Amino acid sequence: MEKPTLQSYIEPLFAVAVRKCEHITDAEDLVQETILAALTYLSEGKTIEFPEAWLKTVLERKYCDLMRRKYRQSAAQLTDLADAEAAGDLVSNLIRREEEVRVRREVAFLSKTYRDIVARYYFYGKSIKEIAEKTGIPEGTVKSRLDVGRRLLMKGITRMDGYSEHSFMPRHLSLNISGVAGKYDAPRCLVPRDDLLAQNLLILAYEKPITVSDLSRALGVAAAYVEPVVNRLVEGELMQRMGDGKVYTDFVIYHAGDHSKYIDEQEMFAREHADAFCIPAQKTIEKLRQTPFYSLRLERFLLIAIAEGAVWQSMDGCRAQTVFPDRKDGGKWVAFATLVHPDETTDEKLLRASRYTLYGRRDTVIERYLDGKNLLMCNFETMLYPEPKFSSLDFRTVRECEEQILRLFYVVAKKIDPFSVGVDPCVVAAIPLLTKRGFLAEEDGRPKLCIPHLTRSEFAVFCAIFHTAKTEVARALSTPMAAFLQHHRKKIPSHLKSVPEQKLTMPYEPQPMMFVAEAIRRGLHPQDLGEPCPETIVVFD
């Protein structure tokens with residue numbers, strides 16, 4: 001095992017230095033001097049047996065030397081310019097009245113435009129001329145920014161309100177998209193589940209446009225750390241920047257309660273119009289049973305597909321069609337998110353609504369694999385199969401994971417050694433897990449495909465059966481669906497103009513799985529298939 005290099009200790013040393021020093025530059029100097037001392041020590045042929053402890057001891061000594069040097073110097077007046085004194089600069093007075101900590105906090109909340117000028121002027125003692133020369137900004141602009149910066153400081157110092165609730169009780173935002181994700185699963189990769197800073201910035205910038213300084217102050221996080229995240233969200237098209245420097249979140253955010261707000265009305269709609277779904281579905285299931293490729297698992301997939309496709313199509317005539325814009329990340333998507341409050345997770349209506357969860361059909365396609373075959377995998381995810389499908393597999397994106405899974409399913413079906421064709425070892429190692437979850441079975445010591453596998457010609461027959469039923473159900477539901485959606489729409493902030501109409505009705509729509517539940521209740525299809533049934537099919541010759 002290789003010994004850690006000095007380079008590997010820089011980050012933990014810097015973390016210690018930042019906690020000790022008032023300025024980032026002092027912390028950087030402290031770390032550089034510590035590393036230099038270590039290099040000098042090693043160049044003399046000496047050995048450092050416990051590098052971390054040795055380096056932290058040296059850093060502590062360097063810090064003491066820095067403090068001795070600093071306090072041997074005469075105390076600097078932070079406002080020694082005539083124009084500042086003549087203006088009765090309240091910032092200087094506050095500092096002299098031992099309010100420096102409060103001022104420094106407010107400086108940290110300023111946006112970079114003003115923070116850089118104020119810090120150079122007050123904390124580093126630079127003149128307006130020196131700042132202008134160093135930054136390349138005209139002296140008049142420096143004076144103007146310094147004046148605005150002072151006003152913003154005083155506004156922050158004198159305001160009575162403190163940090164928002166988000167600073168001590170951050171909220172959780174679950175981001176999703178409709179459409180096609182971009183590179184590295186963008187934009188979901190911009191807001192990971194554990195990135196509470198990005199999530200709460202999006203939440204705070206939703207109701208109305210807001211400055212970076214106000215975002216920073218609300219979270220109690222210095223603007224220098226907030227700005228890069230905001231810039232990343234703007235670049236990723238989850239936020240928009242206005243001409244006055246304010247930003248806003250550019251997609252709809254639901255509360256968890258939105259998904260259960262009209263649960264009674266949604267369930268009643270599905271019951272009242274159950275015949276419109278169940279009668280065509282029953283005829284279609286009978287057609288499927290007459291095919292040579294019928295299976296109970298395929299029947300379940302068909303039932304879900306009809307419900308999802310028909311409910312979606314029934315709304316085409318009562319709302320504008322969603323347009324998926326081309327995105328900078330290469331995708332074509334529309335974002336939406338749900339804000340989760342800890343207290344809402346125990347809400348009875350929300351738990352009831354969760355039983356109808358359906359993630360729309362997700363298709364994975366691989367073209368010309370091995371012997372030139374095109375591979376297709378179609379996935380639904382519902383609470384009829386509550387197991388996580390492909391969790392525990394370490395891939396950067398869902399797409400990458402499912403492509404590897406599809407390759408595995410192909411070689412298993414063709415009885416090819418997966419290692420001989422370069423299937424990812426992580427997926428091969430997951431064969432026991434996939435067997436437990438119902439995708440595979442063991443036969444004569446080898447894995448066997450358990451999910452429905454159709455040839456291209458069989459899939460064409462399946463699609464024809466499906467489309468006939470979907471169209472019939474959609475036609476029967478279209479008129480009552482239009483009346484329902486007319487009175488069930490999400491209200492959003494007036495400045496949001498890019499939210500498609502479909503996202504205004506989405507949480508309030510009668511859910512496809514409510515119709516599937518009605519079909520199960522009537523005995524068209526069993527609730528329990530006797531074995532795990534992931535709602536997944538594969539198609540290849």
# chains A, B, ... in the order shown; residues from 1 in each chain; ligands from 1
$ residues_around --residues "Thr113 (chain A)" --least-positions-apart "3" --cutoff "12 Å" --atoms "only C-alpha atoms" --output "VMD selection string"
chain A and resid 107 to 110 116 to 120 135 137 141 to 142 144 to 146 148 to 149 212 to 213 223 to 224 227 245
$ closest_atom_pairs --of "region 288-315 of chain A" --to "region 458-466 of chain A" --cutoff "12 Å" --atoms "only C-alpha atoms" --output "Markdown table"
| residue | atom | partner | partner_atom | distance |
| --- | --- | --- | --- | --- |
| A:Leu288 | CA | A:Ile465 | CA | 7.4 |
| A:Arg289 | CA | A:Phe462 | CA | 11.0 |
| A:Gln290 | CA | A:Phe462 | CA | 11.4 |
| A:Thr291 | CA | A:Val461 | CA | 8.9 |
| A:Pro292 | CA | A:Glu458 | CA | 9.0 |
| A:Phe293 | CA | A:Glu458 | CA | 7.4 |
| A:Tyr294 | CA | A:Phe462 | CA | 9.6 |
| A:Leu298 | CA | A:Phe462 | CA | 9.6 |
| A:Glu299 | CA | A:Phe462 | CA | 10.4 |
| A:Phe301 | CA | A:Phe466 | CA | 10.3 |
| A:Leu302 | CA | A:Phe466 | CA | 6.8 |
| A:Leu303 | CA | A:Phe466 | CA | 8.8 |
| A:Ile304 | CA | A:Phe466 | CA | 10.3 |
| A:Ala305 | CA | A:Phe466 | CA | 7.5 |
| A:Ile306 | CA | A:Phe466 | CA | 6.3 |
| A:Ala307 | CA | A:Phe466 | CA | 10.1 |
| A:Glu308 | CA | A:Phe466 | CA | 11.1 |
| A:Gly309 | CA | A:Phe466 | CA | 9.2 |
| A:Ala310 | CA | A:Phe466 | CA | 10.0 |
$ write_last_selection --atoms "all heavy atoms" --output "compact mmCIF listing (two decimals), in the first residue's frame"
# COMPACT_ATOMS: atom_id res chain seq x y z
N LEU A 288 -54.28 -11.06 -25.69
CA LEU A 288 -52.89 -11.39 -25.33
C LEU A 288 -52.76 -12.86 -24.97
O LEU A 288 -51.76 -13.51 -25.31
CB LEU A 288 -52.43 -10.50 -24.17
CG LEU A 288 -50.98 -10.68 -23.72
CD1 LEU A 288 -50.02 -10.24 -24.82
CD2 LEU A 288 -50.70 -9.91 -22.44
N ARG A 289 -53.75 -13.39 -24.28
CA ARG A 289 -53.70 -14.80 -23.86
C ARG A 289 -53.73 -15.76 -25.04
O ARG A 289 -53.33 -16.92 -24.91
CB ARG A 289 -54.87 -15.09 -22.91
CG ARG A 289 -54.70 -14.46 -21.53
CD ARG A 289 -55.92 -14.63 -20.66
NE ARG A 289 -55.71 -14.05 -19.32
CZ ARG A 289 -56.66 -13.81 -18.45
NH1 ARG A 289 -57.93 -14.14 -18.75
NH2 ARG A 289 -56.39 -13.29 -17.27
N GLN A 290 -54.17 -15.29 -26.17
CA GLN A 290 -54.22 -16.14 -27.36
C GLN A 290 -52.89 -16.17 -28.11
O GLN A 290 -52.71 -16.94 -29.05
CB GLN A 290 -55.33 -15.66 -28.30
CG GLN A 290 -56.72 -15.79 -27.71
CD GLN A 290 -57.79 -15.08 -28.54
OE1 GLN A 290 -57.53 -14.67 -29.67
NE2 GLN A 290 -58.99 -14.93 -27.98
N THR A 291 -51.94 -15.33 -27.71
CA THR A 291 -50.65 -15.29 -28.38
C THR A 291 -49.71 -16.35 -27.79
O THR A 291 -49.85 -16.73 -26.62
CB THR A 291 -49.99 -13.91 -28.23
OG1 THR A 291 -49.67 -13.69 -26.84
CG2 THR A 291 -50.91 -12.81 -28.73
N PRO A 292 -48.74 -16.84 -28.58
CA PRO A 292 -47.82 -17.86 -28.07
C PRO A 292 -46.81 -17.31 -27.05
O PRO A 292 -46.15 -18.10 -26.37
CB PRO A 292 -47.09 -18.34 -29.33
CG PRO A 292 -47.22 -17.21 -30.30
CD PRO A 292 -48.54 -16.57 -30.02
N PHE A 293 -46.70 -15.99 -26.94
CA PHE A 293 -45.72 -15.41 -26.03
C PHE A 293 -46.36 -14.88 -24.74
O PHE A 293 -45.73 -14.16 -23.97
CB PHE A 293 -44.93 -14.29 -26.72
CG PHE A 293 -45.79 -13.25 -27.40
CD1 PHE A 293 -46.33 -12.17 -26.69
CD2 PHE A 293 -46.06 -13.34 -28.76
CE1 PHE A 293 -47.11 -11.22 -27.30
CE2 PHE A 293 -46.84 -12.38 -29.39
CZ PHE A 293 -47.37 -11.31 -28.66
N TYR A 294 -47.63 -15.26 -24.49
CA TYR A 294 -48.33 -14.77 -23.30
C TYR A 294 -47.64 -15.23 -22.01
O TYR A 294 -47.13 -16.33 -21.91
CB TYR A 294 -49.78 -15.26 -23.29
CG TYR A 294 -50.47 -15.02 -21.96
CD1 TYR A 294 -51.00 -13.77 -21.64
CD2 TYR A 294 -50.53 -16.04 -20.99
CE1 TYR A 294 -51.60 -13.55 -20.40
CE2 TYR A 294 -51.14 -15.82 -19.76
CZ TYR A 294 -51.66 -14.57 -19.47
OH TYR A 294 -52.24 -14.35 -18.25
N LEU A 298 -46.29 -10.50 -18.46
CA LEU A 298 -46.53 -9.63 -19.61
C LEU A 298 -47.92 -9.01 -19.53
O LEU A 298 -48.13 -7.86 -19.93
CB LEU A 298 -46.37 -10.43 -20.91
CG LEU A 298 -46.44 -9.62 -22.21
CD1 LEU A 298 -45.35 -8.56 -22.26
CD2 LEU A 298 -46.32 -10.55 -23.42
N GLU A 299 -48.88 -9.77 -18.99
CA GLU A 299 -50.24 -9.24 -18.81
C GLU A 299 -50.22 -8.04 -17.87
O GLU A 299 -50.89 -7.04 -18.12
CB GLU A 299 -51.14 -10.34 -18.24
CG GLU A 299 -52.57 -9.90 -17.97
CD GLU A 299 -53.41 -11.01 -17.37
OE1 GLU A 299 -53.45 -12.11 -17.98
OE2 GLU A 299 -54.02 -10.79 -16.30
N PHE A 301 -47.67 -6.03 -17.31
CA PHE A 301 -47.02 -4.93 -18.03
C PHE A 301 -48.01 -4.27 -18.98
O PHE A 301 -48.08 -3.03 -19.08
CB PHE A 301 -45.80 -5.45 -18.79
CG PHE A 301 -44.98 -4.36 -19.45
CD1 PHE A 301 -43.91 -3.79 -18.78
CD2 PHE A 301 -45.28 -3.92 -20.72
CE1 PHE A 301 -43.16 -2.78 -19.36
CE2 PHE A 301 -44.54 -2.91 -21.32
CZ PHE A 301 -43.47 -2.34 -20.64
N LEU A 302 -48.80 -5.08 -19.68
CA LEU A 302 -49.80 -4.56 -20.62
C LEU A 302 -50.84 -3.71 -19.91
O LEU A 302 -51.20 -2.62 -20.37
CB LEU A 302 -50.47 -5.72 -21.35
CG LEU A 302 -51.64 -5.35 -22.28
CD1 LEU A 302 -51.15 -4.47 -23.43
CD2 LEU A 302 -52.32 -6.60 -22.81
N LEU A 303 -51.33 -4.19 -18.77
CA LEU A 303 -52.36 -3.47 -18.03
C LEU A 303 -51.86 -2.09 -17.60
O LEU A 303 -52.57 -1.08 -17.74
CB LEU A 303 -52.77 -4.29 -16.81
CG LEU A 303 -54.11 -3.96 -16.15
CD1 LEU A 303 -55.26 -4.23 -17.11
CD2 LEU A 303 -54.28 -4.79 -14.88
N ILE A 304 -50.63 -2.04 -17.10
CA ILE A 304 -50.05 -0.75 -16.68
C ILE A 304 -49.84 0.15 -17.89
O ILE A 304 -50.12 1.35 -17.84
CB ILE A 304 -48.71 -0.98 -15.94
CG1 ILE A 304 -48.95 -1.78 -14.66
CG2 ILE A 304 -48.03 0.34 -15.62
CD1 ILE A 304 -47.67 -2.28 -14.01
N ALA A 305 -49.37 -0.43 -18.99
CA ALA A 305 -49.11 0.37 -20.20
C ALA A 305 -50.39 0.99 -20.74
O ALA A 305 -50.40 2.16 -21.17
CB ALA A 305 -48.45 -0.51 -21.26
N ILE A 306 -51.48 0.24 -20.76
CA ILE A 306 -52.76 0.77 -21.24
C ILE A 306 -53.20 1.94 -20.37
O ILE A 306 -53.60 3.00 -20.87
CB ILE A 306 -53.84 -0.32 -21.26
CG1 ILE A 306 -53.50 -1.39 -22.30
CG2 ILE A 306 -55.21 0.29 -21.57
CD1 ILE A 306 -54.41 -2.62 -22.22
N ALA A 307 -53.15 1.74 -19.03
CA ALA A 307 -53.59 2.79 -18.12
C ALA A 307 -52.75 4.04 -18.28
O ALA A 307 -53.28 5.16 -18.40
CB ALA A 307 -53.52 2.28 -16.68
N GLU A 308 -51.42 3.89 -18.30
CA GLU A 308 -50.54 5.06 -18.42
C GLU A 308 -50.75 5.78 -19.75
O GLU A 308 -50.90 7.00 -19.81
CB GLU A 308 -49.08 4.62 -18.26
CG GLU A 308 -48.12 5.76 -18.10
CD GLU A 308 -47.08 5.83 -19.20
OE1 GLU A 308 -47.25 5.15 -20.23
OE2 GLU A 308 -46.11 6.60 -19.05
N GLY A 309 -50.78 5.02 -20.84
CA GLY A 309 -50.92 5.63 -22.16
C GLY A 309 -52.27 6.28 -22.37
O GLY A 309 -52.38 7.37 -22.94
N ALA A 310 -53.34 5.63 -21.89
CA ALA A 310 -54.69 6.14 -22.10
C ALA A 310 -54.95 7.39 -21.27
O ALA A 310 -55.55 8.37 -21.77
CB ALA A 310 -55.72 5.07 -21.74
$ select_by_dssp --residues "region 473-527 of chain A" --states "alpha helix (DSSP H)" --output "list in words"
Val473, Ala474, Arg475, Ala476, Leu477, Ser478, Thr479, Pro480, Met481, Ala482, Ala483, Phe484, Leu485, Gln486, Glu501, Gln502, Lys503, Leu504, Thr505, Pro512, Met513, Met514, Phe515, Val516, Ala517, Glu518, Ala519, Ile520 and Arg521 of chain A
$ closest_atom_pairs --of "region 443-540 of chain A" --to "region 256-261 of chain A" --cutoff "12 Å" --atoms "only C-alpha atoms" --output "tab-separated table"
residue	atom	partner	partner_atom	distance
A:His488	CA	A:Lys261	CA	9.9
A:Arg489	CA	A:Asp258	CA	10.2
A:Lys490	CA	A:Asp258	CA	8.3
A:Lys491	CA	A:Asp258	CA	10.7
A:Lys503	CA	A:Asp258	CA	11.9
A:Leu504	CA	A:Asp258	CA	10.8
A:Thr505	CA	A:Asp258	CA	10.3
A:Met506	CA	A:His259	CA	8.7
A:Pro507	CA	A:His259	CA	4.9
A:Tyr508	CA	A:His259	CA	6.6
A:Glu509	CA	A:His259	CA	9.1
A:Pro510	CA	A:His259	CA	10.5
A:Gln511	CA	A:His259	CA	10.1
$ write_last_selection --atoms "N, CA and C atoms" --output "PDB file, in the first residue's frame"
ATOM      1  N   HIS A 488     -58.801  21.638 -11.406  1.00  0.00           N
ATOM      2  CA  HIS A 488     -57.704  21.104 -10.601  1.00  0.00           C
ATOM      3  C   HIS A 488     -56.380  21.484 -11.266  1.00  0.00           C
ATOM      4  N   ARG A 489     -55.891  22.671 -10.907  1.00  0.00           N
ATOM      5  CA  ARG A 489     -54.663  23.180 -11.510  1.00  0.00           C
ATOM      6  C   ARG A 489     -53.774  23.788 -10.431  1.00  0.00           C
ATOM      7  N   LYS A 490     -52.498  23.593 -10.568  1.00  0.00           N
ATOM      8  CA  LYS A 490     -51.517  24.107  -9.608  1.00  0.00           C
ATOM      9  C   LYS A 490     -51.273  25.594  -9.849  1.00  0.00           C
ATOM     10  N   LYS A 491     -51.353  26.396  -8.785  1.00  0.00           N
ATOM     11  CA  LYS A 491     -51.018  27.811  -8.889  1.00  0.00           C
ATOM     12  C   LYS A 491     -49.514  27.975  -8.731  1.00  0.00           C
ATOM     13  N   LYS A 503     -47.567  20.373 -16.461  1.00  0.00           N
ATOM     14  CA  LYS A 503     -47.009  20.378 -15.105  1.00  0.00           C
ATOM     15  C   LYS A 503     -47.923  21.120 -14.116  1.00  0.00           C
ATOM     16  N   LEU A 504     -48.896  21.865 -14.624  1.00  0.00           N
ATOM     17  CA  LEU A 504     -49.862  22.526 -13.741  1.00  0.00           C
ATOM     18  C   LEU A 504     -50.934  21.559 -13.265  1.00  0.00           C
ATOM     19  N   THR A 505     -51.194  20.514 -14.052  1.00  0.00           N
ATOM     20  CA  THR A 505     -52.243  19.559 -13.689  1.00  0.00           C
ATOM     21  C   THR A 505     -51.676  18.248 -13.140  1.00  0.00           C
ATOM     22  N   MET A 506     -50.395  18.002 -13.357  1.00  0.00           N
ATOM     23  CA  MET A 506     -49.805  16.686 -13.088  1.00  0.00           C
ATOM     24  C   MET A 506     -50.115  16.113 -11.703  1.00  0.00           C
ATOM     25  N   PRO A 507     -49.910  16.848 -10.607  1.00  0.00           N
ATOM     26  CA  PRO A 507     -50.138  16.211  -9.296  1.00  0.00           C
ATOM     27  C   PRO A 507     -51.603  15.970  -8.983  1.00  0.00           C
ATOM     28  N   TYR A 508     -52.502  16.626  -9.741  1.00  0.00           N
ATOM     29  CA  TYR A 508     -53.931  16.536  -9.439  1.00  0.00           C
ATOM     30  C   TYR A 508     -54.680  15.603 -10.387  1.00  0.00           C
ATOM     31  N   GLU A 509     -53.994  15.070 -11.382  1.00  0.00           N
ATOM     32  CA  GLU A 509     -54.651  14.206 -12.358  1.00  0.00           C
ATOM     33  C   GLU A 509     -55.039  12.864 -11.737  1.00  0.00           C
ATOM     34  N   PRO A 510     -56.175  12.284 -12.148  1.00  0.00           N
ATOM     35  CA  PRO A 510     -56.461  10.891 -11.774  1.00  0.00           C
ATOM     36  C   PRO A 510     -55.304  10.012 -12.239  1.00  0.00           C
ATOM     37  N   GLN A 511     -54.774   9.203 -11.346  1.00  0.00           N
ATOM     38  CA  GLN A 511     -53.555   8.463 -11.632  1.00  0.00           C
ATOM     39  C   GLN A 511     -53.829   7.144 -12.362  1.00  0.00           C
TER      40      GLN A 511
END
$ closest_residue --among "A:Ala270, A:Ala517, A:Val340, A:Val421" --to "Tyr356 (chain A)" --atoms "only C-alpha atoms"
A:Ala517
$ closest_atom_pairs --of "region 181-238 of chain A" --to "region 171-175 of chain A" --cutoff "10 Å" --atoms "only C-alpha atoms" --output "CSV"
residue,atom,partner,partner_atom,distance
A:Pro187,CA,A:Leu175,CA,8.6
A:Arg188,CA,A:Leu175,CA,6.4
A:Cys189,CA,A:Leu175,CA,9.6
A:Leu190,CA,A:Leu175,CA,9.6
A:Val191,CA,A:Leu175,CA,7.2
A:Pro192,CA,A:Leu175,CA,8.6
A:Arg193,CA,A:Ser174,CA,7.2
A:Asp194,CA,A:His172,CA,8.9
A:Asp195,CA,A:His172,CA,9.1
A:Leu196,CA,A:His172,CA,6.8
A:Leu197,CA,A:Arg171,CA,9.6
A:Ala198,CA,A:Leu173,CA,9.2
A:Gln199,CA,A:Leu173,CA,5.5
A:Asn200,CA,A:Arg171,CA,6.3
A:Leu202,CA,A:Leu173,CA,8.5
A:Ile203,CA,A:Leu173,CA,7.7
